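Participant: Got a structure here, written out as structure tokens. Questions coming.
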Amino acid sequence: MKFRTADVNGVRIFYRESGEADKPVMVLFHGFPSASHMFRDLIPMLEKDFHLIAPDYPGFGNSESPSRERFDYTFDNIAELMDSFLKALQIDRFYMYVFDYGAPIGFRIAMKRPDSILGIISQNGNVYEEGLGKKWEARAEYWKNPTEELRKQYQSAFARETVIGQYTFGTEEGSVSPDGYSLDLYYASVIDDYAEKQSDLIFDYQNNVKLYPAFQDYLRTYKPGLLAIWGKEDPSFIWAGAEAFRKDLPQAVIIPVNSGHFALENCCAEIASEILRVFAGQK
């Protein structure tokens, strides 16, 4: 595995790269509050069959974290930057693995250049209202009435207890290493103005929900191969979100795994095996 950086529209983007250049490209889009390190165990399991690229978004992980005055922390803007990142690396066709925040980012790119997408792995990467867990009801009220008090209240999303809970809820006791969430908490402590940047994205998430019908239309129109492999105990993006893909892609492969939100933490080998079964060897 190589650890690289690319200057993209004046922003330094960190990424992990592995696998031979002549293999099909798979781009791994991470979620919140994580970074490309969430794929640390998956990449070695796929590198014989794919050329893997895993970037950190601006304001996450080891990528540059430009000020809010210089960079708008919205999903539209991050997706645009990630598309420019792929173009800078001359990646024209690729599979994409989308998780959590990676889904609205990846699906924006897929809608923009649908002929580039070889296939999609959605691991708890939701694009259906059916997949929104109970907590999203309160967030919808916040979006309608965005007071400063509620903005600060939702900073609990990246509090220590919340982050650890995101990793461990719905998993067998002792099955999740502390490495992943400890690194996330470290990044949160050292990235400049982290709370405000992440609060901008929490508020902007409403625009992802508004785009769900467009994402679904993309699926119906272009019919990409899709594997939805889901931690079935995830309280944020519930199992119904995986099953909903069948409405628009009856041929989708939909598989539950015995985990919660960060399913790679305790089901990585199973997820890798299904990716290889469904997509390895395709052109």
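Ordered as shown in the structure tokens, chains take letters A, B, and onward, while each chain numbers its residues from 1 and ligands are numbered from 1 in the order shown.
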Could you give me, as a ChimeraX atom specification, the residues within 12 Å of Ile109 of chain A, counting only C-alpha atoms and dropping anything in the same chain fewer than 6 positions from it?
Facilitator: /A:27,29,75-87,92-96,98,102-103,115-117,215,218
Participant: Can you spit out the residues from that selection as an mmCIF file, in the first residue's frame, using N, CA, C and O atoms?
Facilitator:
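The new file part_33.cif reads:
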data_model
loop_
_atom_site.group_PDB
_atom_site.id
_atom_site.type_symbol
_atom_site.label_atom_id
_atom_site.label_comp_id
_atom_site.auth_asym_id
_atom_site.auth_seq_id
_atom_site.Cartn_x
_atom_site.Cartn_y
_atom_site.Cartn_z
ATOM 1 N N VAL A 27 -12.871 2.840 -6.093
ATOM 2 C CA VAL A 27 -12.708 4.023 -5.247
ATOM 3 C C VAL A 27 -13.530 3.803 -3.977
ATOM 4 O O VAL A 27 -14.717 3.460 -4.036
ATOM 5 N N PHE A 29 -15.125 5.415 -0.734
ATOM 6 C CA PHE A 29 -15.564 6.688 -0.153
ATOM 7 C C PHE A 29 -15.990 6.454 1.296
ATOM 8 O O PHE A 29 -16.984 5.776 1.564
ATOM 9 N N PHE A 75 -22.008 18.974 0.944
ATOM 10 C CA PHE A 75 -21.824 17.729 0.198
ATOM 11 C C PHE A 75 -21.650 17.996 -1.294
ATOM 12 O O PHE A 75 -20.887 17.299 -1.967
ATOM 13 N N ASP A 76 -22.311 19.006 -1.802
ATOM 14 C CA ASP A 76 -22.092 19.384 -3.210
ATOM 15 C C ASP A 76 -20.621 19.718 -3.447
ATOM 16 O O ASP A 76 -20.013 19.280 -4.435
ATOM 17 N N ASN A 77 -20.058 20.499 -2.558
ATOM 18 C CA ASN A 77 -18.694 20.969 -2.744
ATOM 19 C C ASN A 77 -17.674 19.841 -2.568
ATOM 20 O O ASN A 77 -16.699 19.746 -3.328
ATOM 21 N N ILE A 78 -17.896 18.982 -1.577
ATOM 22 C CA ILE A 78 -16.982 17.852 -1.385
ATOM 23 C C ILE A 78 -17.065 16.896 -2.567
ATOM 24 O O ILE A 78 -16.043 16.395 -3.062
ATOM 25 N N ALA A 79 -18.277 16.631 -3.059
ATOM 26 C CA ALA A 79 -18.429 15.748 -4.224
ATOM 27 C C ALA A 79 -17.723 16.334 -5.443
ATOM 28 O O ALA A 79 -17.074 15.607 -6.215
ATOM 29 N N GLU A 80 -17.836 17.636 -5.628
ATOM 30 C CA GLU A 80 -17.166 18.291 -6.749
ATOM 31 C C GLU A 80 -15.647 18.138 -6.626
ATOM 32 O O GLU A 80 -14.952 17.856 -7.607
ATOM 33 N N LEU A 81 -15.131 18.300 -5.412
ATOM 34 C CA LEU A 81 -13.698 18.162 -5.200
ATOM 35 C C LEU A 81 -13.251 16.715 -5.410
ATOM 36 O O LEU A 81 -12.190 16.453 -5.998
ATOM 37 N N MET A 82 -14.056 15.752 -4.960
ATOM 38 C CA MET A 82 -13.703 14.345 -5.158
ATOM 39 C C MET A 82 -13.745 13.972 -6.643
ATOM 40 O O MET A 82 -12.924 13.169 -7.118
ATOM 41 N N ASP A 83 -14.677 14.544 -7.385
ATOM 42 C CA ASP A 83 -14.710 14.313 -8.824
ATOM 43 C C ASP A 83 -13.444 14.880 -9.479
ATOM 44 O O ASP A 83 -12.829 14.247 -10.341
ATOM 45 N N SER A 84 -13.036 16.068 -9.051
ATOM 46 C CA SER A 84 -11.801 16.662 -9.558
ATOM 47 C C SER A 84 -10.587 15.828 -9.157
ATOM 48 O O SER A 84 -9.622 15.700 -9.926
ATOM 49 N N PHE A 85 -10.624 15.251 -7.965
ATOM 50 C CA PHE A 85 -9.555 14.346 -7.516
ATOM 51 C C PHE A 85 -9.429 13.152 -8.463
ATOM 52 O O PHE A 85 -8.326 12.788 -8.892
ATOM 53 N N LEU A 86 -10.566 12.543 -8.817
ATOM 54 C CA LEU A 86 -10.532 11.391 -9.726
ATOM 55 C C LEU A 86 -9.994 11.795 -11.100
ATOM 56 O O LEU A 86 -9.222 11.054 -11.718
ATOM 57 N N LYS A 87 -10.397 12.953 -11.549
ATOM 58 C CA LYS A 87 -9.891 13.431 -12.845
ATOM 59 C C LYS A 87 -8.395 13.705 -12.774
ATOM 60 O O LYS A 87 -7.659 13.426 -13.731
ATOM 61 N N ASP A 92 -11.030 7.182 -15.100
ATOM 62 C CA ASP A 92 -12.188 7.367 -15.972
ATOM 63 C C ASP A 92 -13.325 6.391 -15.680
ATOM 64 O O ASP A 92 -14.494 6.745 -15.814
ATOM 65 N N ARG A 93 -12.982 5.168 -15.305
ATOM 66 C CA ARG A 93 -14.006 4.149 -15.026
ATOM 67 C C ARG A 93 -13.639 3.449 -13.725
ATOM 68 O O ARG A 93 -12.475 3.115 -13.507
ATOM 69 N N PHE A 94 -14.637 3.211 -12.892
ATOM 70 C CA PHE A 94 -14.315 2.668 -11.578
ATOM 71 C C PHE A 94 -15.550 2.066 -10.903
ATOM 72 O O PHE A 94 -16.688 2.451 -11.180
ATOM 73 N N TYR A 95 -15.287 1.102 -10.052
ATOM 74 C CA TYR A 95 -16.261 0.668 -9.061
ATOM 75 C C TYR A 95 -16.184 1.647 -7.902
ATOM 76 O O TYR A 95 -15.142 2.251 -7.645
ATOM 77 N N MET A 96 -17.292 1.816 -7.191
ATOM 78 C CA MET A 96 -17.216 2.648 -5.996
ATOM 79 C C MET A 96 -17.862 1.945 -4.804
ATOM 80 O O MET A 96 -18.901 1.291 -4.926
ATOM 81 N N VAL A 98 -19.364 2.823 -1.241
ATOM 82 C CA VAL A 98 -19.891 3.991 -0.542
ATOM 83 C C VAL A 98 -20.427 3.587 0.820
ATOM 84 O O VAL A 98 -21.163 2.615 0.956
ATOM 85 N N GLY A 102 -20.200 8.746 2.348
ATOM 86 C CA GLY A 102 -19.718 8.386 1.016
ATOM 87 C C GLY A 102 -20.822 8.149 0.012
ATOM 88 O O GLY A 102 -20.600 8.299 -1.197
ATOM 89 N N ALA A 103 -22.025 7.792 0.495
ATOM 90 C CA ALA A 103 -23.121 7.527 -0.448
ATOM 91 C C ALA A 103 -23.574 8.804 -1.158
ATOM 92 O O ALA A 103 -23.587 8.850 -2.394
ATOM 93 N N ASP A 115 -21.487 6.933 -17.076
ATOM 94 C CA ASP A 115 -20.753 5.946 -17.858
ATOM 95 C C ASP A 115 -19.441 5.548 -17.199
ATOM 96 O O ASP A 115 -18.801 4.580 -17.632
ATOM 97 N N SER A 116 -19.040 6.262 -16.165
ATOM 98 C CA SER A 116 -17.795 5.932 -15.474
ATOM 99 C C SER A 116 -17.969 4.808 -14.456
ATOM 100 O O SER A 116 -16.980 4.212 -14.025
ATOM 101 N N ILE A 117 -19.193 4.529 -14.067
ATOM 102 C CA ILE A 117 -19.427 3.618 -12.942
ATOM 103 C C ILE A 117 -19.513 2.173 -13.427
ATOM 104 O O ILE A 117 -20.401 1.794 -14.196
ATOM 105 N N PHE A 215 -31.109 10.282 -6.977
ATOM 106 C CA PHE A 215 -30.237 9.110 -6.887
ATOM 107 C C PHE A 215 -30.985 7.854 -7.347
ATOM 108 O O PHE A 215 -30.439 7.012 -8.060
ATOM 109 N N TYR A 218 -31.332 7.759 -11.055
ATOM 110 C CA TYR A 218 -30.065 7.301 -11.640
ATOM 111 C C TYR A 218 -30.011 5.765 -11.659
ATOM 112 O O TYR A 218 -29.641 5.151 -12.670
#
Participant: Residues of segment 87-255 of chain A classed as strand (DSSP E or B) by DSSP on the backbone are to be reported as a ChimeraX atom specification.
Facilitator: /A:94-98,117-122,132,226-231,237,253-255
Participant: Would you save the residues of that selection, restricted to N, CA and C atoms, as a CSV table (one decimal), in the first residue's frame?
Facilitator:
chain,number,residue,atom,x,y,z
A,94,PHE,N,-14.6,3.2,-12.9
A,94,PHE,CA,-14.3,2.7,-11.6
A,94,PHE,C,-15.5,2.1,-10.9
A,95,TYR,N,-15.3,1.1,-10.1
A,95,TYR,CA,-16.3,0.7,-9.1
A,95,TYR,C,-16.2,1.6,-7.9
A,96,MET,N,-17.3,1.8,-7.2
A,96,MET,CA,-17.2,2.6,-6.0
A,96,MET,C,-17.9,1.9,-4.8
A,97,TYR,N,-17.2,2.0,-3.7
A,97,TYR,CA,-17.6,1.6,-2.4
A,97,TYR,C,-18.1,2.8,-1.6
A,98,VAL,N,-19.4,2.8,-1.2
A,98,VAL,CA,-19.9,4.0,-0.5
A,98,VAL,C,-20.4,3.6,0.8
A,117,ILE,N,-19.2,4.5,-14.1
A,117,ILE,CA,-19.4,3.6,-12.9
A,117,ILE,C,-19.5,2.2,-13.4
A,118,LEU,N,-18.6,1.3,-12.9
A,118,LEU,CA,-18.6,-0.1,-13.3
A,118,LEU,C,-19.5,-0.9,-12.3
A,119,GLY,N,-19.7,-0.4,-11.2
A,119,GLY,CA,-20.6,-1.1,-10.2
A,119,GLY,C,-20.5,-0.4,-8.9
A,120,ILE,N,-21.4,-0.7,-8.0
A,120,ILE,CA,-21.5,0.0,-6.7
A,120,ILE,C,-21.6,-1.0,-5.5
A,121,ILE,N,-20.8,-0.8,-4.5
A,121,ILE,CA,-20.9,-1.5,-3.2
A,121,ILE,C,-21.5,-0.5,-2.3
A,122,SER,N,-22.6,-0.7,-1.7
A,122,SER,CA,-23.2,0.2,-0.7
A,122,SER,C,-23.2,-0.5,0.6
A,132,LEU,N,-33.7,5.8,6.8
A,132,LEU,CA,-33.4,6.7,7.9
A,132,LEU,C,-33.9,6.3,9.2
A,226,LEU,N,-25.1,-3.6,-8.4
A,226,LEU,CA,-25.1,-3.1,-7.0
A,226,LEU,C,-25.1,-4.2,-6.0
A,227,LEU,N,-24.2,-4.1,-5.1
A,227,LEU,CA,-24.2,-5.0,-3.9
A,227,LEU,C,-24.5,-4.1,-2.7
A,228,ALA,N,-25.6,-4.3,-2.0
A,228,ALA,CA,-25.9,-3.6,-0.8
A,228,ALA,C,-25.6,-4.6,0.4
A,229,ILE,N,-24.5,-4.3,1.1
A,229,ILE,CA,-24.1,-5.2,2.2
A,229,ILE,C,-24.1,-4.4,3.4
A,230,TRP,N,-25.0,-4.8,4.4
A,230,TRP,CA,-25.4,-3.8,5.4
A,230,TRP,C,-25.3,-4.4,6.8
A,231,GLY,N,-24.7,-3.7,7.7
A,231,GLY,CA,-24.7,-4.0,9.1
A,231,GLY,C,-26.2,-3.9,9.6
A,237,PHE,N,-28.7,4.1,9.7
A,237,PHE,CA,-29.2,3.8,8.4
A,237,PHE,C,-29.7,2.3,8.5
A,253,VAL,N,-27.9,-7.2,-5.4
A,253,VAL,CA,-27.6,-8.3,-4.4
A,253,VAL,C,-27.6,-7.6,-3.1
A,254,ILE,N,-28.4,-8.1,-2.2
A,254,ILE,CA,-28.6,-7.5,-0.9
A,254,ILE,C,-28.4,-8.5,0.2
A,255,ILE,N,-27.4,-8.1,1.1
A,255,ILE,CA,-26.9,-9.1,2.1
A,255,ILE,C,-26.8,-8.4,3.4
Participant: Quick one: residues within 9 Å of Tyr15 of chain A, only C-alpha atoms counted, chain neighbours fewer than 4 positions away excluded, as number ranges by chain?
Facilitator: A: 2-6, 36, 53-56, 62-63
Participant: Could you pull the residues within 12 Å of segment 164-172 of chain A, counting only C-alpha atoms, minus those fewer than 2 positions along the same chain, as JSON, numbers by chain?
Facilitator: {"A": [31, 32, 33, 34, 38, 100, 156, 157, 158, 159, 160, 161, 162, 174, 175, 176, 177, 178, 179, 180, 181, 182, 183, 184, 185, 230, 231, 232, 233, 234, 235, 236, 237, 238, 257, 258, 259, 260, 261, 262, 263, 264, 265, 266, 267]}
Participant: Nearest residue to Pro256 of chain A out of A:Gln123, A:Lys197, A:Pro58, A:Ser67, using only C-alpha atoms?
Facilitator: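 Once distances to Pro256 of chain A are computed over only C-alpha atoms, the minimum belongs to A:Gln123.
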Participant: To one decimal place in Å, what is the distance between atom CA of Gln155 of chain A and atom CA of Asn9 of chain A?
Facilitator: 28.9 Å
Participant: Can you tell me, as an MDAnalysis selection string, which residues in segment 91-255 of chain A count as alpha helix (DSSP H) by DSSP?
Facilitator: chainID A and resid 102:112 135:144 148:153 160:168 179:190 194:222 240:243 245:248
Participant: Only C-alpha atoms, please: the residues just picked out, written as a compact mmCIF listing (two decimals), in the first residue's frame.
Facilitator:
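The result, stored in selection-v1.txt:
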# COMPACT_ATOMS: atom_id res chain seq x y z
CA GLY A 102 -19.72 8.39 1.02
CA ALA A 103 -23.12 7.53 -0.45
CA PRO A 104 -24.35 11.08 -1.19
CA ILE A 105 -20.85 12.01 -2.33
CA GLY A 106 -20.43 8.99 -4.59
CA PHE A 107 -23.94 9.13 -6.01
CA ARG A 108 -23.49 12.79 -6.95
CA ILE A 109 -20.43 11.78 -8.96
CA ALA A 110 -22.28 8.82 -10.49
CA MET A 111 -25.12 11.07 -11.67
CA LYS A 112 -22.62 13.49 -13.17
CA LYS A 135 -32.77 9.95 15.03
CA TRP A 136 -33.40 11.58 11.64
CA GLU A 137 -36.87 12.70 12.72
CA ALA A 138 -35.33 15.10 15.23
CA ARG A 139 -32.73 16.23 12.70
CA ALA A 140 -35.49 17.06 10.23
CA GLU A 141 -36.99 19.36 12.85
CA TYR A 142 -33.58 20.98 13.31
CA TRP A 143 -33.29 21.57 9.57
CA LYS A 144 -36.67 23.33 9.63
CA GLU A 148 -27.76 28.04 17.34
CA GLU A 149 -28.73 26.02 20.40
CA LEU A 150 -29.67 23.00 18.27
CA ARG A 151 -26.53 23.40 16.15
CA LYS A 152 -24.42 23.08 19.31
CA GLN A 153 -26.58 20.22 20.57
CA ARG A 160 -16.39 10.51 22.45
CA GLU A 161 -19.31 8.40 23.72
CA THR A 162 -21.26 8.84 20.48
CA VAL A 163 -18.34 7.87 18.25
CA ILE A 164 -17.55 4.77 20.30
CA GLY A 165 -21.24 3.88 20.23
CA GLN A 166 -21.34 4.20 16.45
CA TYR A 167 -18.60 1.60 16.22
CA THR A 168 -19.83 -0.83 18.85
CA ASP A 179 -8.12 1.45 16.83
CA GLY A 180 -10.69 2.90 14.42
CA TYR A 181 -12.66 5.06 16.82
CA SER A 182 -9.53 6.14 18.69
CA LEU A 183 -8.07 7.52 15.46
CA ASP A 184 -11.34 9.29 14.63
CA LEU A 185 -11.32 10.92 18.07
CA TYR A 186 -7.70 11.96 17.57
CA TYR A 187 -8.50 13.66 14.25
CA ALA A 188 -11.43 15.47 15.88
CA SER A 189 -9.03 16.85 18.50
CA VAL A 190 -6.37 18.17 16.08
CA TYR A 194 -13.49 20.70 13.49
CA ALA A 195 -16.77 21.24 15.35
CA GLU A 196 -17.94 24.06 13.09
CA LYS A 197 -16.97 22.30 9.87
CA GLN A 198 -18.74 19.12 10.88
CA SER A 199 -21.76 21.12 12.07
CA ASP A 200 -21.96 22.65 8.59
CA LEU A 201 -22.16 19.15 7.11
CA ILE A 202 -24.73 17.95 9.63
CA PHE A 203 -26.95 20.87 8.66
CA ASP A 204 -26.32 20.34 4.94
CA TYR A 205 -27.29 16.67 5.15
CA GLN A 206 -30.86 17.75 4.45
CA ASN A 207 -29.82 18.33 0.84
CA ASN A 208 -28.79 14.69 0.55
CA VAL A 209 -32.28 13.60 1.55
CA LYS A 210 -33.75 16.01 -1.01
CA LEU A 211 -31.59 14.33 -3.66
CA TYR A 212 -32.76 10.80 -2.86
CA PRO A 213 -35.31 10.79 -5.73
CA ALA A 214 -32.57 11.84 -8.17
CA PHE A 215 -30.24 9.11 -6.89
CA GLN A 216 -33.04 6.58 -7.31
CA ASP A 217 -33.75 7.81 -10.83
CA TYR A 218 -30.06 7.30 -11.64
CA LEU A 219 -30.35 3.67 -10.47
CA ARG A 220 -33.48 3.02 -12.54
CA THR A 221 -32.04 4.67 -15.63
CA TYR A 222 -28.51 3.27 -15.69
CA ALA A 240 -34.93 -1.15 5.32
CA GLY A 241 -32.56 1.14 3.41
CA ALA A 242 -30.77 -1.87 1.98
CA GLU A 243 -33.98 -3.64 1.01
CA PHE A 245 -32.68 -0.80 -3.45
CA ARG A 246 -34.85 -3.59 -4.90
CA LYS A 247 -37.52 -1.03 -5.81
CA ASP A 248 -35.23 0.49 -8.42
Participant: Distance atom CA of Gly10 of chain A-atom CA of Pro66 of chain A, one decimal place?
Facilitator: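 Going from atom CA of Gly10 of chain A over to atom CA of Pro66 of chain A covers 9.6 Å.
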Participant: Identify, on the basis of only C-alpha atoms, every residue whose closest approach to Asp41 of chain A does not exceed 10 Å; exclude the query and any residue fewer than 2 positions from it along the same chain; express the result as a PDB file with N, CA and C atoms, in the first residue's frame.
Facilitator:
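Okay, this is what ended up in part12.pdb:
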ATOM      1  N   HIS A  37      -8.741   5.458   6.738  1.00  0.00           N
ATOM      2  CA  HIS A  37      -8.232   4.373   7.590  1.00  0.00           C
ATOM      3  C   HIS A  37      -9.293   3.320   7.876  1.00  0.00           C
ATOM      4  N   MET A  38     -10.573   3.647   7.669  1.00  0.00           N
ATOM      5  CA  MET A  38     -11.611   2.640   7.906  1.00  0.00           C
ATOM      6  C   MET A  38     -11.492   1.464   6.940  1.00  0.00           C
ATOM      7  N   PHE A  39     -10.728   1.641   5.858  1.00  0.00           N
ATOM      8  CA  PHE A  39     -10.543   0.575   4.873  1.00  0.00           C
ATOM      9  C   PHE A  39      -9.220  -0.170   5.061  1.00  0.00           C
ATOM     10  N   ILE A  43      -8.617  -3.214   2.248  1.00  0.00           N
ATOM     11  CA  ILE A  43      -7.749  -3.021   1.085  1.00  0.00           C
ATOM     12  C   ILE A  43      -6.849  -4.227   0.832  1.00  0.00           C
ATOM     13  N   PRO A  44      -6.161  -4.784   1.836  1.00  0.00           N
ATOM     14  CA  PRO A  44      -5.320  -5.956   1.554  1.00  0.00           C
ATOM     15  C   PRO A  44      -6.098  -7.176   1.048  1.00  0.00           C
ATOM     16  N   MET A  45      -7.396  -7.256   1.369  1.00  0.00           N
ATOM     17  CA  MET A  45      -8.201  -8.388   0.924  1.00  0.00           C
ATOM     18  C   MET A  45      -8.648  -8.254  -0.526  1.00  0.00           C
ATOM     19  N   LEU A  46      -8.587  -7.037  -1.069  1.00  0.00           N
ATOM     20  CA  LEU A  46      -9.065  -6.791  -2.435  1.00  0.00           C
ATOM     21  C   LEU A  46      -7.949  -6.445  -3.414  1.00  0.00           C
ATOM     22  N   LEU A 264     -17.333  -2.896   8.669  1.00  0.00           N
ATOM     23  CA  LEU A 264     -16.002  -3.395   8.334  1.00  0.00           C
ATOM     24  C   LEU A 264     -15.199  -3.744   9.580  1.00  0.00           C
ATOM     25  N   GLU A 265     -15.553  -3.178  10.716  1.00  0.00           N
ATOM     26  CA  GLU A 265     -14.763  -3.401  11.925  1.00  0.00           C
ATOM     27  C   GLU A 265     -14.838  -4.834  12.423  1.00  0.00           C
ATOM     28  N   CYS A 268     -15.253  -7.626   8.127  1.00  0.00           N
ATOM     29  CA  CYS A 268     -14.486  -7.237   6.948  1.00  0.00           C
ATOM     30  C   CYS A 268     -14.274  -8.405   5.995  1.00  0.00           C
ATOM     31  N   ALA A 269     -13.910  -9.562   6.520  1.00  0.00           N
ATOM     32  CA  ALA A 269     -13.637 -10.715   5.650  1.00  0.00           C
ATOM     33  C   ALA A 269     -14.891 -11.133   4.889  1.00  0.00           C
ATOM     34  N   ALA A 272     -15.531  -8.470   2.150  1.00  0.00           N
ATOM     35  CA  ALA A 272     -14.569  -8.641   1.053  1.00  0.00           C
ATOM     36  C   ALA A 272     -14.927  -9.850   0.199  1.00  0.00           C
TER      37      ALA A 272
END
Participant: Of the residues A:Ile13, A:Phe99, A:Thr74, A:Glu20, which is the one nearest to Tyr57 of chain A, using only C-alpha atoms?
Facilitator: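 Counting only C-alpha atoms, the residue closest to Tyr57 of chain A is A:Ile13.
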Participant: Record the distance separating atom CA of Lys48 of chain A and atom CA of Lys23 of chain A, expressed in Å with one decimal.
Facilitator: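 Atom CA of Lys48 of chain A sits 8.3 Å away from atom CA of Lys23 of chain A.
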